[in-house]
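Source file input-v3.txt; content: compact mmCIF, C-alpha atoms.
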# COMPACT_ATOMS: atom_id res chain seq x y z
CA MET A 1 0.00 0.00 0.00
CA LEU A 2 2.84 2.42 0.81
CA SER A 3 6.16 3.00 -0.93
CA ALA A 4 9.54 3.09 0.73
CA PRO A 5 10.21 6.38 2.51
CA LEU A 6 10.72 9.41 0.28
CA SER A 7 12.65 12.56 1.03
CA PHE A 8 10.65 15.75 1.44
CA ALA A 9 12.63 17.16 -1.48
CA GLU A 10 10.85 14.57 -3.65
CA LEU A 11 7.43 16.03 -2.86
CA PRO A 12 6.57 18.49 -5.64
CA GLY A 13 5.77 21.90 -4.22
CA TRP A 14 6.54 20.92 -0.62
CA ALA A 15 8.72 23.96 0.04
CA GLY A 16 6.01 26.32 -1.19
CA ASP A 17 3.21 25.06 1.05
CA ASP A 18 2.07 26.98 4.12
CA HIS A 19 3.45 24.62 6.77
CA ARG A 20 2.24 26.79 9.64
CA ALA A 21 -1.34 26.54 8.37
CA ALA A 22 -1.00 22.77 8.04
CA LEU A 23 0.42 22.50 11.58
CA ALA A 24 -2.39 24.64 12.98
CA ALA A 25 -4.93 22.33 11.31
CA PHE A 26 -3.25 19.27 12.80
CA LEU A 27 -3.09 20.82 16.29
CA ARG A 28 -6.87 21.10 16.43
CA HIS A 29 -6.91 17.33 16.81
CA CYS A 30 -4.72 17.69 19.88
CA ARG A 31 -6.68 20.49 21.54
CA ASP A 32 -10.32 19.76 20.81
CA ARG A 33 -12.09 17.11 22.87
CA ARG A 34 -14.44 16.38 19.98
CA ALA A 35 -11.55 14.86 18.01
CA GLU A 36 -9.34 11.88 18.62
CA LEU A 37 -5.89 11.05 17.33
CA PRO A 38 -4.54 7.54 16.79
CA ARG A 39 -1.84 6.52 19.24
CA GLU A 40 0.90 6.80 16.65
CA LEU A 41 0.12 10.53 16.26
CA SER A 42 -1.01 11.61 19.73
CA HIS A 43 2.52 11.59 21.18
CA LEU A 44 3.45 14.30 18.66
CA CYS A 45 1.05 16.86 20.10
CA ALA A 46 3.59 18.30 22.58
CA PRO A 47 6.40 18.89 20.05
CA ALA A 48 3.84 20.18 17.55
CA GLN A 49 2.60 22.73 20.06
CA ALA A 50 6.15 23.71 20.91
CA ALA A 51 6.84 24.34 17.23
CA ALA A 52 3.72 26.47 16.90
CA ASP A 53 4.62 28.49 20.02
CA SER A 54 8.23 29.10 19.01
CA GLY A 55 7.50 31.90 16.59
CA GLU A 56 10.29 30.72 14.33
CA PRO A 57 9.34 31.06 10.63
CA LEU A 58 10.52 27.54 9.73
CA ALA A 59 9.50 25.81 12.97
CA ALA A 60 6.43 24.16 11.47
CA ARG A 61 8.31 22.80 8.48
CA THR A 62 11.15 21.63 10.70
CA PHE A 63 8.72 19.81 12.99
CA LEU A 64 7.04 18.03 10.08
CA GLU A 65 10.31 16.97 8.45
CA ARG A 66 11.83 15.83 11.75
CA HIS A 67 8.90 13.74 12.93
CA PHE A 68 7.43 12.34 9.70
CA GLU A 69 8.55 10.55 6.58
CA PRO A 70 6.49 10.75 3.37
CA ARG A 71 5.44 7.53 1.66
CA ARG A 72 3.58 7.37 -1.62
CA ILE A 73 0.22 5.60 -1.51
CA LEU A 74 0.61 2.84 -4.09
CA ALA A 75 -2.75 3.14 -5.78
CA ASP A 76 -4.22 5.28 -8.53
CA GLY A 77 -4.95 8.59 -6.84
CA PHE A 78 -8.12 10.51 -7.59
CA VAL A 79 -9.60 13.63 -6.02
CA THR A 80 -12.94 15.36 -6.20
CA GLY A 81 -14.17 18.47 -4.41
CA TYR A 82 -17.02 19.17 -2.04
CA PHE A 83 -18.45 22.16 -0.23
CA GLU A 84 -21.19 23.29 2.13
CA PRO A 85 -24.03 24.50 -0.08
CA GLU A 86 -26.44 27.29 0.84
CA TYR A 87 -30.03 26.74 -0.27
CA ASP A 88 -33.49 28.08 0.45
CA GLY A 89 -35.85 26.10 2.67
CA SER A 90 -38.76 26.23 5.07
CA ARG A 91 -39.64 24.79 8.45
CA ARG A 92 -43.11 24.08 7.07
CA PRO A 93 -44.17 22.38 3.82
CA GLY A 94 -46.24 24.11 1.15
CA ASP A 95 -45.97 26.91 -1.38
CA GLY A 96 -43.55 24.83 -3.39
CA TYR A 97 -41.45 23.62 -0.47
CA ASP A 98 -42.20 19.94 -0.91
CA THR A 99 -38.92 18.00 -0.60
CA PRO A 100 -37.86 17.21 2.97
CA LEU A 101 -34.52 16.51 4.54
CA LEU A 102 -35.14 13.79 7.11
CA ALA A 103 -33.78 13.23 10.59
CA ARG A 104 -32.37 9.84 11.48
CA PRO A 105 -35.14 7.35 12.31
CA PRO A 106 -34.76 5.82 15.78
CA GLU A 107 -34.77 2.29 14.33
CA LEU A 108 -31.64 3.01 12.27
CA VAL A 109 -28.82 1.29 14.18
CA PRO A 110 -25.10 0.85 13.45
CA LEU A 111 -24.15 -2.68 12.50
CA ALA A 112 -20.81 -2.41 14.31
CA GLY A 113 -19.38 -5.53 12.72
CA ARG A 114 -22.59 -7.55 12.72
CA PRO A 115 -23.58 -9.21 9.42
CA ALA A 116 -25.66 -6.99 7.16
CA PRO A 117 -29.22 -8.18 6.53
CA ASP A 118 -30.37 -9.31 3.10
CA GLY A 119 -30.73 -6.41 0.71
CA LEU A 120 -27.65 -4.50 1.88
CA PRO A 121 -23.96 -4.73 0.92
CA LYS A 122 -21.79 -6.79 3.26
CA ASP A 123 -20.01 -3.66 4.50
CA ALA A 124 -23.16 -1.61 5.08
CA PRO A 125 -22.76 0.56 8.21
CA PHE A 126 -26.43 0.71 9.25
CA ALA A 127 -29.62 -1.33 9.21
CA PHE A 128 -33.13 -1.04 10.62
CA SER A 129 -34.10 -2.85 13.82
CA ASN A 130 -37.65 -4.12 13.56
CA GLY A 131 -38.20 -4.02 17.34
CA ASN A 132 -38.06 -7.79 17.75
CA GLY A 133 -34.29 -8.09 17.72
CA ARG A 134 -34.17 -8.65 13.98
CA LEU A 135 -32.22 -6.47 11.57
CA VAL A 136 -33.73 -5.61 8.19
CA ALA A 137 -32.71 -3.44 5.24
CA PRO A 138 -34.00 0.15 5.45
CA PRO A 139 -36.05 1.52 2.56
CA ASP A 140 -33.91 2.88 -0.25
CA ARG A 141 -34.12 6.34 -1.85
CA GLY A 142 -36.94 5.43 -4.21
CA ALA A 143 -39.07 3.99 -1.42
CA ILE A 144 -38.42 7.03 0.78
CA MET A 145 -39.31 9.35 -2.11
CA ASP A 146 -42.57 7.39 -2.37
CA GLY A 147 -43.33 8.06 1.31
CA ALA A 148 -41.92 5.05 3.19
CA LEU A 149 -40.99 7.29 6.14
CA ALA A 150 -43.69 9.94 5.78
CA GLY A 151 -45.92 10.84 8.72
CA ARG A 152 -43.21 10.12 11.28
CA GLY A 153 -42.29 13.72 12.10
CA LEU A 154 -38.77 13.18 10.77
CA GLU A 155 -38.80 16.24 8.50
CA LEU A 156 -36.12 18.74 9.61
CA VAL A 157 -36.69 21.23 6.82
CA TRP A 158 -38.46 21.39 3.47
CA MET A 159 -36.77 22.45 0.23
CA ALA A 160 -38.24 23.77 -3.00
CA ASP A 161 -35.86 22.08 -5.41
CA PRO A 162 -35.43 18.29 -5.26
CA VAL A 163 -32.08 18.59 -7.04
CA ASP A 164 -30.85 21.00 -4.34
CA ALA A 165 -32.00 18.50 -1.72
CA PHE A 166 -30.15 15.71 -3.51
CA TYR A 167 -26.94 17.69 -3.51
CA VAL A 168 -27.26 18.23 0.23
CA HIS A 169 -27.14 14.43 0.39
CA VAL A 170 -24.04 14.39 -1.82
CA GLN A 171 -22.23 17.06 0.19
CA GLY A 172 -23.39 15.78 3.58
CA SER A 173 -24.10 19.23 5.03
CA ALA A 174 -25.71 22.55 4.14
CA ARG A 175 -26.78 25.95 5.35
CA ILE A 176 -30.49 26.46 4.79
CA ARG A 177 -31.86 29.99 4.42
CA LEU A 178 -35.33 29.81 5.97
CA ARG A 179 -38.25 31.64 4.41
CA GLU A 180 -39.47 32.27 7.97
CA GLY A 181 -36.26 34.19 8.59
CA GLY A 182 -32.82 33.14 9.82
CA SER A 183 -31.06 29.95 8.86
CA LEU A 184 -30.11 26.51 10.08
CA ARG A 185 -27.31 24.10 9.36
CA VAL A 186 -27.78 20.41 8.77
CA GLY A 187 -25.14 17.71 8.94
CA TYR A 188 -24.80 13.99 8.37
CA ALA A 189 -26.49 11.71 10.91
CA GLY A 190 -26.56 8.32 9.19
CA LYS A 191 -27.52 6.57 5.96
CA THR A 192 -29.57 3.65 4.76
CA GLY A 193 -26.50 1.67 3.65
CA HIS A 194 -27.68 0.99 0.12
CA PRO A 195 -25.00 1.33 -2.58
CA TYR A 196 -24.03 4.82 -3.70
CA SER A 197 -24.35 5.42 -7.44
CA ALA A 198 -23.18 8.58 -9.19
CA ILE A 199 -26.21 9.86 -11.07
CA GLY A 200 -23.98 11.46 -13.72
CA ARG A 201 -23.60 7.99 -15.19
CA VAL A 202 -27.02 8.48 -16.80
CA MET A 203 -25.60 11.11 -19.15
CA ILE A 204 -22.63 8.88 -20.00
CA GLU A 205 -24.82 5.82 -20.63
CA ARG A 206 -26.97 7.84 -23.05
CA GLY A 207 -23.98 9.20 -24.90
CA LEU A 208 -24.65 12.75 -23.74
CA ALA A 209 -21.22 13.16 -22.13
CA ASP A 210 -17.84 11.47 -22.03
CA PRO A 211 -16.52 9.81 -18.85
CA GLY A 212 -14.80 12.31 -16.59
CA THR A 213 -16.69 15.32 -17.97
CA VAL A 214 -19.90 15.19 -15.95
CA THR A 215 -19.25 17.83 -13.33
CA MET A 216 -21.91 18.99 -10.91
CA GLN A 217 -22.52 22.04 -13.10
CA VAL A 218 -22.96 19.94 -16.25
CA LEU A 219 -25.40 17.56 -14.57
CA ARG A 220 -27.44 20.31 -12.93
CA GLN A 221 -27.74 22.15 -16.24
CA TRP A 222 -28.98 18.99 -17.98
CA LEU A 223 -31.55 18.32 -15.26
CA ALA A 224 -32.72 21.95 -15.39
CA GLU A 225 -33.28 21.57 -19.12
CA ASN A 226 -34.98 18.18 -18.70
CA PRO A 227 -37.08 18.39 -15.50
CA HIS A 228 -39.05 15.28 -16.50
CA GLU A 229 -35.83 13.28 -15.92
CA ILE A 230 -35.27 14.40 -12.31
CA ASP A 231 -37.37 11.81 -10.50
CA GLY A 232 -36.00 8.79 -12.36
CA VAL A 233 -32.39 10.00 -12.24
CA LEU A 234 -32.41 10.65 -8.49
CA ARG A 235 -33.80 7.18 -7.82
CA ARG A 236 -30.73 5.68 -9.50
CA ASN A 237 -28.77 6.47 -6.32
CA ARG A 238 -30.37 4.12 -3.80
CA SER A 239 -28.27 5.47 -0.92
CA TYR A 240 -30.17 7.91 1.30
CA ILE A 241 -28.68 10.25 3.92
CA PHE A 242 -30.28 11.32 7.20
CA PHE A 243 -29.46 14.64 8.87
CA ARG A 244 -29.38 16.45 12.17
CA GLU A 245 -29.52 20.13 12.99
CA VAL A 246 -25.98 21.33 13.68
CA THR A 247 -25.64 23.82 16.52
CA GLU A 248 -22.07 23.27 17.73
CA ALA A 249 -20.31 25.09 14.88
CA ALA A 250 -20.02 28.87 14.99
CA GLU A 251 -21.38 30.93 12.10
CA HIS A 252 -17.88 31.64 10.77
CA GLU A 253 -16.77 28.00 10.98
CA GLY A 254 -17.15 25.27 8.42
CA PRO A 255 -19.49 22.29 8.76
CA ILE A 256 -18.66 19.51 11.22
CA GLY A 257 -16.81 16.64 9.56
CA ALA A 258 -16.80 12.99 10.54
CA ALA A 259 -13.78 13.64 12.79
CA GLY A 260 -15.96 15.91 14.95
CA LEU A 261 -14.28 19.19 13.99
CA PRO A 262 -15.31 22.10 11.74
CA LEU A 263 -13.85 21.59 8.29
CA LEU A 264 -11.17 23.96 6.99
CA PRO A 265 -11.31 25.08 3.34
CA GLY A 266 -8.32 23.80 1.45
CA ARG A 267 -6.94 21.79 4.39
CA SER A 268 -9.65 19.26 5.28
CA LEU A 269 -9.68 16.09 3.22
CA ALA A 270 -12.39 13.44 3.15
CA VAL A 271 -10.86 9.96 2.99
CA ASP A 272 -11.87 6.34 3.16
CA ALA A 273 -11.94 5.77 6.91
CA ALA A 274 -11.27 2.08 6.34
CA HIS A 275 -7.77 3.05 5.17
CA HIS A 276 -6.88 6.26 7.03
CA ALA A 277 -7.40 7.46 10.59
CA TYR A 278 -8.82 10.91 11.22
CA GLY A 279 -6.00 13.31 11.89
CA ALA A 280 -3.67 11.62 9.40
CA LEU A 281 -1.53 13.95 7.28
CA VAL A 282 -1.83 13.45 3.52
CA PHE A 283 0.13 15.44 0.95
CA VAL A 284 -1.89 15.88 -2.26
CA SER A 285 -0.23 16.79 -5.55
CA ALA A 286 -2.35 17.45 -8.64
CA ASP A 287 -3.11 19.80 -11.52
CA LEU A 288 -6.56 21.19 -10.81
CA PRO A 289 -8.81 23.69 -12.67
CA LEU A 290 -8.68 26.35 -9.96
CA GLY A 291 -8.03 29.41 -12.14
CA PRO A 292 -10.70 32.14 -12.57
CA ASP A 293 -11.88 30.57 -15.84
CA GLY A 294 -11.04 27.00 -14.96
CA GLU A 295 -7.38 27.15 -15.92
CA GLN A 296 -5.20 24.35 -14.58
CA GLU A 297 -3.09 25.26 -11.57
CA LYS A 298 -0.62 23.31 -9.46
CA PHE A 299 -2.13 22.05 -6.22
CA HIS A 300 0.50 20.90 -3.72
CA ARG A 301 -1.01 20.82 -0.24
CA LEU A 302 -0.54 19.05 3.06
CA MET A 303 -4.05 18.13 4.14
CA ILE A 304 -5.63 16.59 7.23
CA ALA A 305 -7.97 13.58 7.06
CA GLU A 306 -11.10 14.93 8.75
CA ASP A 307 -14.12 13.56 6.93
CA THR A 308 -15.42 10.69 4.84
CA GLY A 309 -18.21 9.98 2.35
CA SER A 310 -20.09 7.19 0.59
CA ALA A 311 -18.26 7.77 -2.69
CA ILE A 312 -14.82 8.04 -1.11
CA VAL A 313 -13.54 4.49 -1.46
CA GLY A 314 -9.94 3.32 -1.62
CA PRO A 315 -6.57 4.26 -0.08
CA ALA A 316 -5.76 6.99 -2.64
CA ARG A 317 -9.24 8.51 -2.96
CA GLY A 318 -9.69 12.01 -1.57
CA ASP A 319 -12.37 14.69 -1.48
CA ILE A 320 -11.11 18.25 -0.97
CA PHE A 321 -13.29 20.60 1.10
CA PHE A 322 -13.47 24.01 -0.57
CA GLY A 323 -15.66 25.96 1.86
CA SER A 324 -19.25 27.25 1.96
CA GLY A 325 -21.44 28.96 -0.60
CA ASP A 326 -21.65 29.34 -4.36
CA GLU A 327 -18.02 30.26 -5.04
CA ALA A 328 -16.79 27.21 -3.16
CA GLY A 329 -19.35 25.12 -5.00
CA GLU A 330 -18.14 26.41 -8.36
CA LEU A 331 -14.60 25.29 -7.55
CA ALA A 332 -15.60 21.98 -5.99
CA GLY A 333 -17.83 21.05 -8.90
CA ARG A 334 -14.92 21.19 -11.36
CA ILE A 335 -12.74 18.65 -9.59
CA GLN A 336 -12.53 15.10 -10.95
CA HIS A 337 -8.81 14.63 -11.36
CA ARG A 338 -5.96 12.22 -10.90
CA ALA A 339 -3.61 13.02 -8.05
CA ASP A 340 -0.52 11.73 -6.30
CA MET A 341 -1.11 11.17 -2.61
CA MET A 342 1.61 10.77 -0.01
CA LEU A 343 0.93 9.76 3.56
CA LEU A 344 3.14 11.33 6.22
CA VAL A 345 4.07 8.45 8.53
CA PRO A 346 5.52 9.17 12.01
CA ARG A 347 9.19 8.29 12.18
CA ARG A 348 10.33 5.69 14.66
CA PRO A 349 11.83 7.37 17.74
CA GLU A 350 15.34 6.31 16.75
CA ALA A 351 14.94 7.35 13.13
CA LYS A 352 16.51 10.56 11.90
CA PRO A 353 15.38 12.73 8.97

Structure encoded using structure tokens:
Amino acid sequence: MLSAPLSFAELPGWAGDDHRAALAAFLRHCRDRRAELPRELSHLCAPAQAAADSGEPLAARTFLERHFEPRRILADGFVTGYFEPEYDGSRRPGDGYDTPLLARPPELVPLAGRPAPDGLPKDAPFAFSNGNGRLVAPPDRGAIMDGALAGRGLELVWMADPVDAFYVHVQGSARIRLREGGSLRVGYAGKTGHPYSAIGRVMIERGLADPGTVTMQVLRQWLAENPHEIDGVLRRNRSYIFFREVTEAAEHEGPIGAAGLPLLPGRSLAVDAAHHAYGALVFVSADLPLGPDGEQEKFHRLMIAEDTGSAIVGPARGDIFFGSGDEAGELAGRIQHRADMMLLVPRRPEAKP
């Protein structure tokens, strides 16, 4: 899975990264009780804090190079982007606000290593308990769209656009501007466990787009021009996400990631939690369309594993958090690119850089 140790000089763009920003992001996992660090990283909190407190311009870089060794992840790397969208919604249904975001049903329980019931993948994280000690598959997206969970009081908020609501599921969080005034934030609270399917495949299957070209913007434009397709296309993704109202993040902070901390634009990376612990340091190197008009730019960034997602599968799969709002969404929606990913592994105590 990992290469032999590399030198930091072999990491493209390493010297030009903001090492102090990366160290500050890592230190949040040391200071905040909501987060945990694996044992192999927790002992580095004291020297990391000392480096941050020193005031020396190169202290952060020196700390990272002294205590870690980079190793290439030996798999085809691929990154996408995600963001916290801002959409309109209502606490009450009606007047066009007809698509709900649902709270987690009480019968949704984590499998925690138990065998998945029939109808779910073997590695499904959740199932429904039927109240008699038996686990069953939850309804999938199509069944829920048809009302399988209606009348339960699970509706957190109602949205006017079903495509907006779907993309809240894809992103895992959102700020909702309420027509009653004010706003609320929603975040991930669980999922049915059915397989995730990228709905952009519909355009590829019909010959409307080539593989790798169906960005969020392209798909949304096609659905806007073909509203009769929306219902059938959304049902293609059987996975369904449940939400909770998020109150622990300040207005200026990002959404709460799976690691329990507010996400940082450009530093927080969603990873496959089966391969990487939260708090792990991952150096991402790629050419990404981040210019004002989508021009390719070099992206060389030390990132922190702080989130996960249904579509993030594999040791070299990453999802870059770009922030909140339309501008962040514009950037995130462009990203479907190959990348080199290097894991920073703590050196053995006797090892020297």

For this session: Do a neighbour search on Pro57 in chain A at 10 Å with all atoms listed in the file, toss out local chain neighbours closer than 5 positions, and write the hits as a ChimeraX atom specification.
Result: /A:19-20,51-52,62

For this session: For Ser310 in chain A, work out the shell of residues within 10 Å, counting all atoms listed in the file and skipping chain neighbours fewer than 5 positions away, then give it as an NGL selection string.
Result: :A and (170 or 172 or 191 or 193-197 or 239 or 241 or 271-272)

For this session: Can you pull out every residue within 8 Å of Ser3 in chain A, counting all atoms listed in the file, but drop anything in the same chain fewer than 2 positions away, and send it as a list in words?
Result: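 Near neighbours after the sequence-gap exclusion: Met1, Pro5, Leu6, Arg71, Arg72, Ile73 and Leu74 of chain A.
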
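For Ala75 in chain A, the non-local neighbours within 10 Å, defined as residues at least 4 positions apart in the same chain or in other chains and counting all atoms listed in the file, are A:Met1, A:Leu2, A:Gly314, A:Pro315, A:Ala316, A:Arg317, A:Asp340, A:Met341.
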
For this session: With a distance cut-off of 9 Å and all atoms listed in the file, select the neighbouring residues of range 114-122 of chain A, excluding the residue or stretch itself and same-chain residues fewer than 2 positions from it, and output the selection as a list in words.
Result: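 Neighbouring residues, sequence-local ones excluded: Pro110, Leu111, Ala112, Ala124, Pro125, Phe126, Ala127, Arg134, Leu135, Val136, Ala137, Pro138, Thr192, Gly193, His194 and Pro195 of chain A.
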
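With only C-alpha atoms as the atoms that count, the minimum distance from Ile320 in chain A to the choices A:Gly333, A:Gly94, A:Pro47, A:Gly294 is reached by A:Gly333.
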
For this session: Would you mind telling me which residue in A:Val163, A:Ala332, A:Ala174, A:Leu11 lies nearest to Glu245 in chain A when using only C-alpha atoms?
Result: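 For Glu245 in chain A, the nearest of the candidates is A:Ala174.
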
Problem set entry | d(CA of Asp98 in chain A, CA of Tyr188 in chain A) in Å |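 Distance reported for this atom pair: 20.6 Å.
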
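Counting only C-alpha atoms, the residue from A:Gly323, A:Pro12, A:Pro38, A:Gly232 that sits nearest to Gly279 in chain A is A:Pro38.
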
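In terms of minimum interatomic distance to Phe242 in chain A, A:Arg104 ranks closest within A:Arg201, A:Arg31, A:Arg152, A:Arg104, counting all atoms listed in the file.
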
For this session: Name the residues within 12 Å of (-37.0, 6.1, 0.4), counting only C-alpha atoms in the file's coordinates, and put them as number ranges by chain.
Result: A: 100-102, 137-150, 191-194, 234-242

Problem set entry | Å distance separating CA of Glu65 in chain A from CA of Ala9 in chain A, one decimal place | 10.2 Å

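If you measure from each of A:Ala21, A:Leu290, A:Gly329, A:Ala277 to Leu264 in chain A using only C-alpha atoms, the closest one turns out to be A:Ala21.
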
For this session: Please measure the separation of CA of Gly212 in chain A and CA of Ala274 in chain A, giving the value in Å to one decimal.
Result: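 Taking CA of Gly212 in chain A as the start and CA of Ala274 in chain A as the end point, the length is 25.4 Å.
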
Problem set entry | A:His300, A:Arg177, A:Arg91, A:Arg34 ranked by distance to Trp14 in chain A, top pick (using only C-alpha atoms) | A:His300
